[in-house]
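Participant: Take a look at this one; I'll ask things after.
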Amino acid sequence: MKTESRTRTAMVFPGMGPSSFADVGKFMLINPHARKLVAVADDVLGYSLVDKFRDTEGDYSEYAQVAFLVNCLALAEWAEKTLDVVSEIVAGPSFGEKAATAYSGSLPVEDVILLTAQLARYLDDYFAVEHTDIVTHSFVRVGEERLADIKGELTDLDEWHEISCYVDDDFYMLTLREHNLEWLKKRLRAIGGLSLYTMRPPMHCGIFEPLRTKVAEELFTNLEFADPRIPVVKDQDGSEITTGAGVREMLLDGFVRPTRWTDIVATLKARGIERVCVAGADSLFSRVGLTRKNFDVLAVNPRMAMQPRRRAAVA
Amino acid sequence: MWDQQFEELLRQYLPFLPADEQLTEGTPLRDFGLDSLGMVELLAALEGTYDVRFTDDALSIETFESPGVLWKQLADLIPSAV
């Protein structure tokens with residue numbers, strides 16, 4: 001176990017993907033780290049997180065989002081206590097920014113839980129009336145040059161679009177108007193690309209500046225961001241954040257600037273990180289080639305944490 | 001029917017399929033653990049193994065619905081398999 005702790009490790013909190021109650025509910029009810037955080041969430045939010053999560057449909061409801069956050073943080077704690085993981089830096093692409101903020105101590109976990117619930121409501125309200133024709137589409141097997149061609153064609157057609165996420169050198173998320181989606185899928189297929197999924201609400205685009213401003217004015221004014229206890233890798237450019245103001249800026253920039261996992265990986269690699277501990281029900285960042293090529297990957301998920309483990313012998 | 005190589009390769013991407021359970025033409029691959037990234041990896045493995053390149057209509061999520069559909073798309077790319 002001591003060898004494990006010497007491995008230079010980054011804690012990574014994944015972006016959010018579908019994570020049903022059937023998949024993670026037992027973990028939330030049984031795992032002691034999860035139970036502790038669920039109790040905190042119940043206090044902060046004034047409702048039973050488990051009950052709401054279980055009874056509400058939708059992969060991205062307010063309750064699903066808070067549950068995802070809580071589970072990520074609980075899994076990080078579990079990995080530290082059970083697997084002797086010691087991390088020197090933390091990153092959190094997209095939704096993972098929130099867990100990284102709490103894990104780094106920049107905001108108390110209570111504040112991050114409340115903020116997550118509030119942001120879920122703000123997003124619902126904003127996208128119910130704004131940009132109702134915009135979606136974010138993810139795809140693989142399309143290199144930078146081919147993507148530039150597609151973007152050029154959209155520009156020639158005078159169709160607005162922005163890249164929302166750089167996942168790997170052939171894996172992107174592109175945000176565009178929904179009436180261009182079928183065209184995009186056809187173009188991708190023609191060049192050997194594989195479309196994966198289409199998301200709404202969209203995220204990480206410059207045109208969402210009004211949402212950033214509203215959130216900054218109405219939700220962030222009373223939050224006091226402390227300097228993080230370990231550096232946080234900035235989601236938008238891979239720089240290392242060491243101040244509370246920097247963490248605040250990262251969270252707000254997440255609305256209007258793309259997630260660059262590629263830059264995060266480059267920063268971790270340059271720092272000498274050998275292993276990433278990906279804490280959460282992840283099906284993307286821990287598995288893409290870029291991550292696997294550069295690091296040992298310790299993917300810590302509810303399924304793993306629920307497996308019986310042999311108790312260590314007491315000396 | 002598909003060849004042994006296809007069967008062995010496909011099974012690697014179905015973590016919830018017991019080793020003794022038969023793979024049928026209609027086995028729902030998603031239910032047995034083939035998720036989006038699994039599809040990407042399986043696609044690359046099939047292309048490498050059979051020296052083919054999926055394009056156009058073969059490149060859709062529906063291609064990965066079941067072993068039968070996937071094998072049909074693959075077989076169209078390797079005439080000797082038909």
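Convention: chains lettered A, B, ... in structure tokens order; per-chain residue numbering from 1; ligands numbered from 1 as shown.
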Identify every residue of chain B that has at least one atom within 7 Å of any atom of chain A, counting only C-alpha atoms, and report the result as an mmCIF file with C-alpha atoms, in the first residue's frame.
Facilitator:
```cif
data_model
loop_
_atom_site.group_PDB
_atom_site.id
_atom_site.type_symbol
_atom_site.label_atom_id
_atom_site.label_comp_id
_atom_site.auth_asym_id
_atom_site.auth_seq_id
_atom_site.Cartn_x
_atom_site.Cartn_y
_atom_site.Cartn_z
ATOM 1 C CA SER B 36 -20.779 4.443 -26.223
ATOM 2 C CA LEU B 37 -17.061 4.153 -25.549
ATOM 3 C CA PHE B 54 -16.784 1.398 -41.639
ATOM 4 C CA THR B 55 -18.283 4.483 -43.331
ATOM 5 C CA ASP B 56 -21.623 6.060 -44.179
ATOM 6 C CA ASP B 57 -24.689 4.116 -43.078
ATOM 7 C CA LEU B 59 -21.499 4.217 -38.848
ATOM 8 C CA SER B 60 -24.481 4.624 -36.608
#
```
Participant: What lies within 9 Å of region 253-256 of chain A using only C-alpha atoms, ignoring chain neighbours under 2 positions off, as JSON, numbers by chain?
Facilitator: {"A": [94, 95, 97, 164, 203, 204, 205, 206, 207, 208, 209, 211, 212, 235, 236, 248, 249, 250, 251, 258, 259]}
Participant: Store the residues of this selection in a file with N, CA and C atoms, as a CSV table (one decimal), in the first residue's frame.
Facilitator:
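result34.csv written:
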```
chain,number,residue,atom,x,y,z
A,94,SER,N,-15.8,19.9,-17.1
A,94,SER,CA,-17.2,20.1,-17.2
A,94,SER,C,-17.9,20.1,-15.8
A,95,PHE,N,-18.9,19.2,-15.6
A,95,PHE,CA,-19.6,19.2,-14.3
A,95,PHE,C,-18.6,18.9,-13.1
A,97,GLU,N,-16.0,20.2,-12.3
A,97,GLU,CA,-15.5,21.4,-11.7
A,97,GLU,C,-16.0,21.6,-10.3
A,164,SER,N,-17.7,22.7,-28.0
A,164,SER,CA,-17.9,22.8,-26.5
A,164,SER,C,-17.0,22.0,-25.7
A,203,MET,N,-24.0,23.2,-23.6
A,203,MET,CA,-23.1,23.8,-22.5
A,203,MET,C,-21.8,24.4,-23.2
A,204,HIS,N,-21.2,25.2,-22.4
A,204,HIS,CA,-19.8,25.7,-22.7
A,204,HIS,C,-19.7,26.5,-24.1
A,205,CYS,N,-20.5,27.5,-24.2
A,205,CYS,CA,-20.5,28.3,-25.4
A,205,CYS,C,-20.5,29.8,-25.1
A,206,GLY,N,-19.8,30.6,-25.9
A,206,GLY,CA,-19.7,32.0,-25.7
A,206,GLY,C,-21.0,32.7,-25.7
A,207,ILE,N,-22.0,32.2,-26.4
A,207,ILE,CA,-23.3,32.9,-26.5
A,207,ILE,C,-24.1,32.8,-25.2
A,208,PHE,N,-23.6,32.0,-24.3
A,208,PHE,CA,-24.3,31.9,-23.0
A,208,PHE,C,-23.8,32.9,-22.0
A,209,GLU,N,-23.2,34.0,-22.4
A,209,GLU,CA,-22.7,35.0,-21.5
A,209,GLU,C,-23.7,35.6,-20.6
A,211,LEU,N,-26.1,34.1,-19.2
A,211,LEU,CA,-26.3,33.1,-18.1
A,211,LEU,C,-25.1,33.2,-17.1
A,212,ARG,N,-23.9,33.4,-17.7
A,212,ARG,CA,-22.8,33.6,-16.8
A,212,ARG,C,-22.9,34.8,-15.9
A,235,ASP,N,-10.3,23.9,-16.2
A,235,ASP,CA,-11.0,23.2,-17.2
A,235,ASP,C,-10.8,23.8,-18.6
A,236,GLN,N,-10.7,25.1,-18.6
A,236,GLN,CA,-10.8,25.8,-19.9
A,236,GLN,C,-9.4,25.9,-20.7
A,248,ARG,N,-13.1,30.5,-8.6
A,248,ARG,CA,-14.4,31.1,-9.0
A,248,ARG,C,-14.5,31.4,-10.5
A,249,GLU,N,-13.4,31.9,-11.0
A,249,GLU,CA,-13.4,32.2,-12.4
A,249,GLU,C,-13.6,31.0,-13.3
A,250,MET,N,-13.0,29.9,-12.9
A,250,MET,CA,-13.1,28.6,-13.6
A,250,MET,C,-14.6,28.2,-13.7
A,251,LEU,N,-15.3,28.2,-12.5
A,251,LEU,CA,-16.7,27.8,-12.5
A,251,LEU,C,-17.5,28.7,-13.4
A,258,PRO,N,-15.1,26.4,-23.8
A,258,PRO,CA,-15.1,25.0,-23.9
A,258,PRO,C,-14.3,24.2,-22.9
A,259,THR,N,-14.7,23.0,-22.6
A,259,THR,CA,-13.9,22.1,-21.7
A,259,THR,C,-12.8,21.6,-22.6
```
Participant: Please provide as a VMD selection string all residues within 7 Å of Asn301 (chain A), with the sequence filter that same-chain residues fewer than 6 positions apart are discarded (counting only C-alpha atoms).
Facilitator: chain A and resid 75 279 to 281
Participant: Hey, what does DSSP flag as helix (DSSP H, G or I) within region 69-160 of chain A? Can you give it to me as a VMD selection string?
Facilitator: chain A and resid 69 to 83 96 to 103 109 to 129 144 to 156
Participant: Write out as a tab-separated table the residues of region 2-23 of chain A that have any atom within 10 Å of an atom of region 41-65 of chain A, one row each with the nearest atom pair and its distance in Å to one decimal, counting only C-alpha atoms, sorted by chain and then rising number.
Facilitator:
```
residue	atom	partner	partner_atom	distance
A:Met16	CA	A:Gln65	CA	7.8
A:Gly17	CA	A:Asp59	CA	7.8
A:Pro18	CA	A:Asp59	CA	5.2
A:Ser19	CA	A:Asp59	CA	6.7
A:Ser20	CA	A:Asp59	CA	6.9
A:Phe21	CA	A:Arg54	CA	5.7
A:Ala22	CA	A:Arg54	CA	8.3
```
Participant: Could the residues in this selection be written to a file with N, CA and C atoms, as a short mmCIF file (atom, residue, chain, number, x, y, z; two decimals), in the first residue's frame?
Facilitator:
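Saved result, result09.cif, follows:
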```
data_model
loop_
_atom_site.label_atom_id
_atom_site.label_comp_id
_atom_site.auth_asym_id
_atom_site.auth_seq_id
_atom_site.Cartn_x
_atom_site.Cartn_y
_atom_site.Cartn_z
N MET A 16 -20.53 14.95 -16.03
CA MET A 16 -21.69 14.13 -15.66
C MET A 16 -22.23 13.33 -16.84
N GLY A 17 -22.53 12.09 -16.58
CA GLY A 17 -23.23 11.26 -17.55
C GLY A 17 -24.41 10.63 -16.86
N PRO A 18 -25.27 9.95 -17.61
CA PRO A 18 -26.41 9.30 -16.98
C PRO A 18 -25.95 8.34 -15.88
N SER A 19 -26.60 8.43 -14.73
CA SER A 19 -26.24 7.60 -13.59
C SER A 19 -27.53 7.34 -12.82
N SER A 20 -28.16 6.22 -13.09
CA SER A 20 -29.51 6.01 -12.57
C SER A 20 -29.48 5.59 -11.10
N PHE A 21 -30.63 5.76 -10.45
CA PHE A 21 -30.74 5.34 -9.06
C PHE A 21 -30.49 3.85 -8.92
N ALA A 22 -30.94 3.10 -9.93
CA ALA A 22 -30.73 1.64 -9.89
C ALA A 22 -29.23 1.31 -9.83
#
```
Participant: Using only C-alpha atoms, which of the listed residues (B:Leu9, B:Tyr50, B:Leu43, B:Ser66) sits closest to Pro79 (chain B)?
Facilitator: B:Tyr50
Participant: Nearest residue to Leu123 (chain A) out of A:Arg146, A:Arg35, A:Arg177, A:Lys214, using only C-alpha atoms?
Facilitator: A:Lys214
Participant: Find the spatial neighbours of Lys36 (chain A), counting only C-alpha atoms, within a cut-off of 12 Å - ignore same-chain residues fewer than 3 positions away - and output them as a tab-separated table (two decimals) with C-alpha atoms, in the first residue's frame.
Facilitator:
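Resulting contents of selection05.tsv:
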```tsv
chain	number	residue	atom	x	y	z
A	27	PHE	CA	-23.98	2.93	-2.78
A	28	MET	CA	-25.68	6.09	-1.48
A	29	LEU	CA	-27.58	4.12	1.15
A	30	ILE	CA	-24.78	1.87	2.35
A	31	ASN	CA	-21.35	3.41	1.81
A	32	PRO	CA	-20.41	5.38	4.96
A	33	HIS	CA	-18.73	8.21	3.01
A	39	ALA	CA	-26.96	13.64	5.26
A	40	VAL	CA	-25.18	16.95	4.65
A	41	ALA	CA	-27.13	17.39	1.40
A	42	ASP	CA	-30.43	16.62	3.16
A	43	ASP	CA	-29.67	19.32	5.73
A	70	VAL	CA	-22.13	13.69	-3.67
A	71	ASN	CA	-21.16	10.31	-5.09
A	73	LEU	CA	-16.87	13.26	-3.47
A	74	ALA	CA	-17.75	10.13	-1.48
A	75	LEU	CA	-15.80	7.97	-3.92
A	77	GLU	CA	-12.90	9.86	0.15
A	78	TRP	CA	-13.36	6.12	-0.16
A	109	VAL	CA	-19.05	21.09	0.61
A	110	GLU	CA	-22.32	22.55	1.91
```
Participant: Just to confirm, what's the straight-line distance from CA of Phe127 (chain A) to CA of Pro201 (chain A) in Å (one decimal)?
Facilitator: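 Taking CA of Phe127 (chain A) and CA of Pro201 (chain A), their separation equals 6.4 Å.
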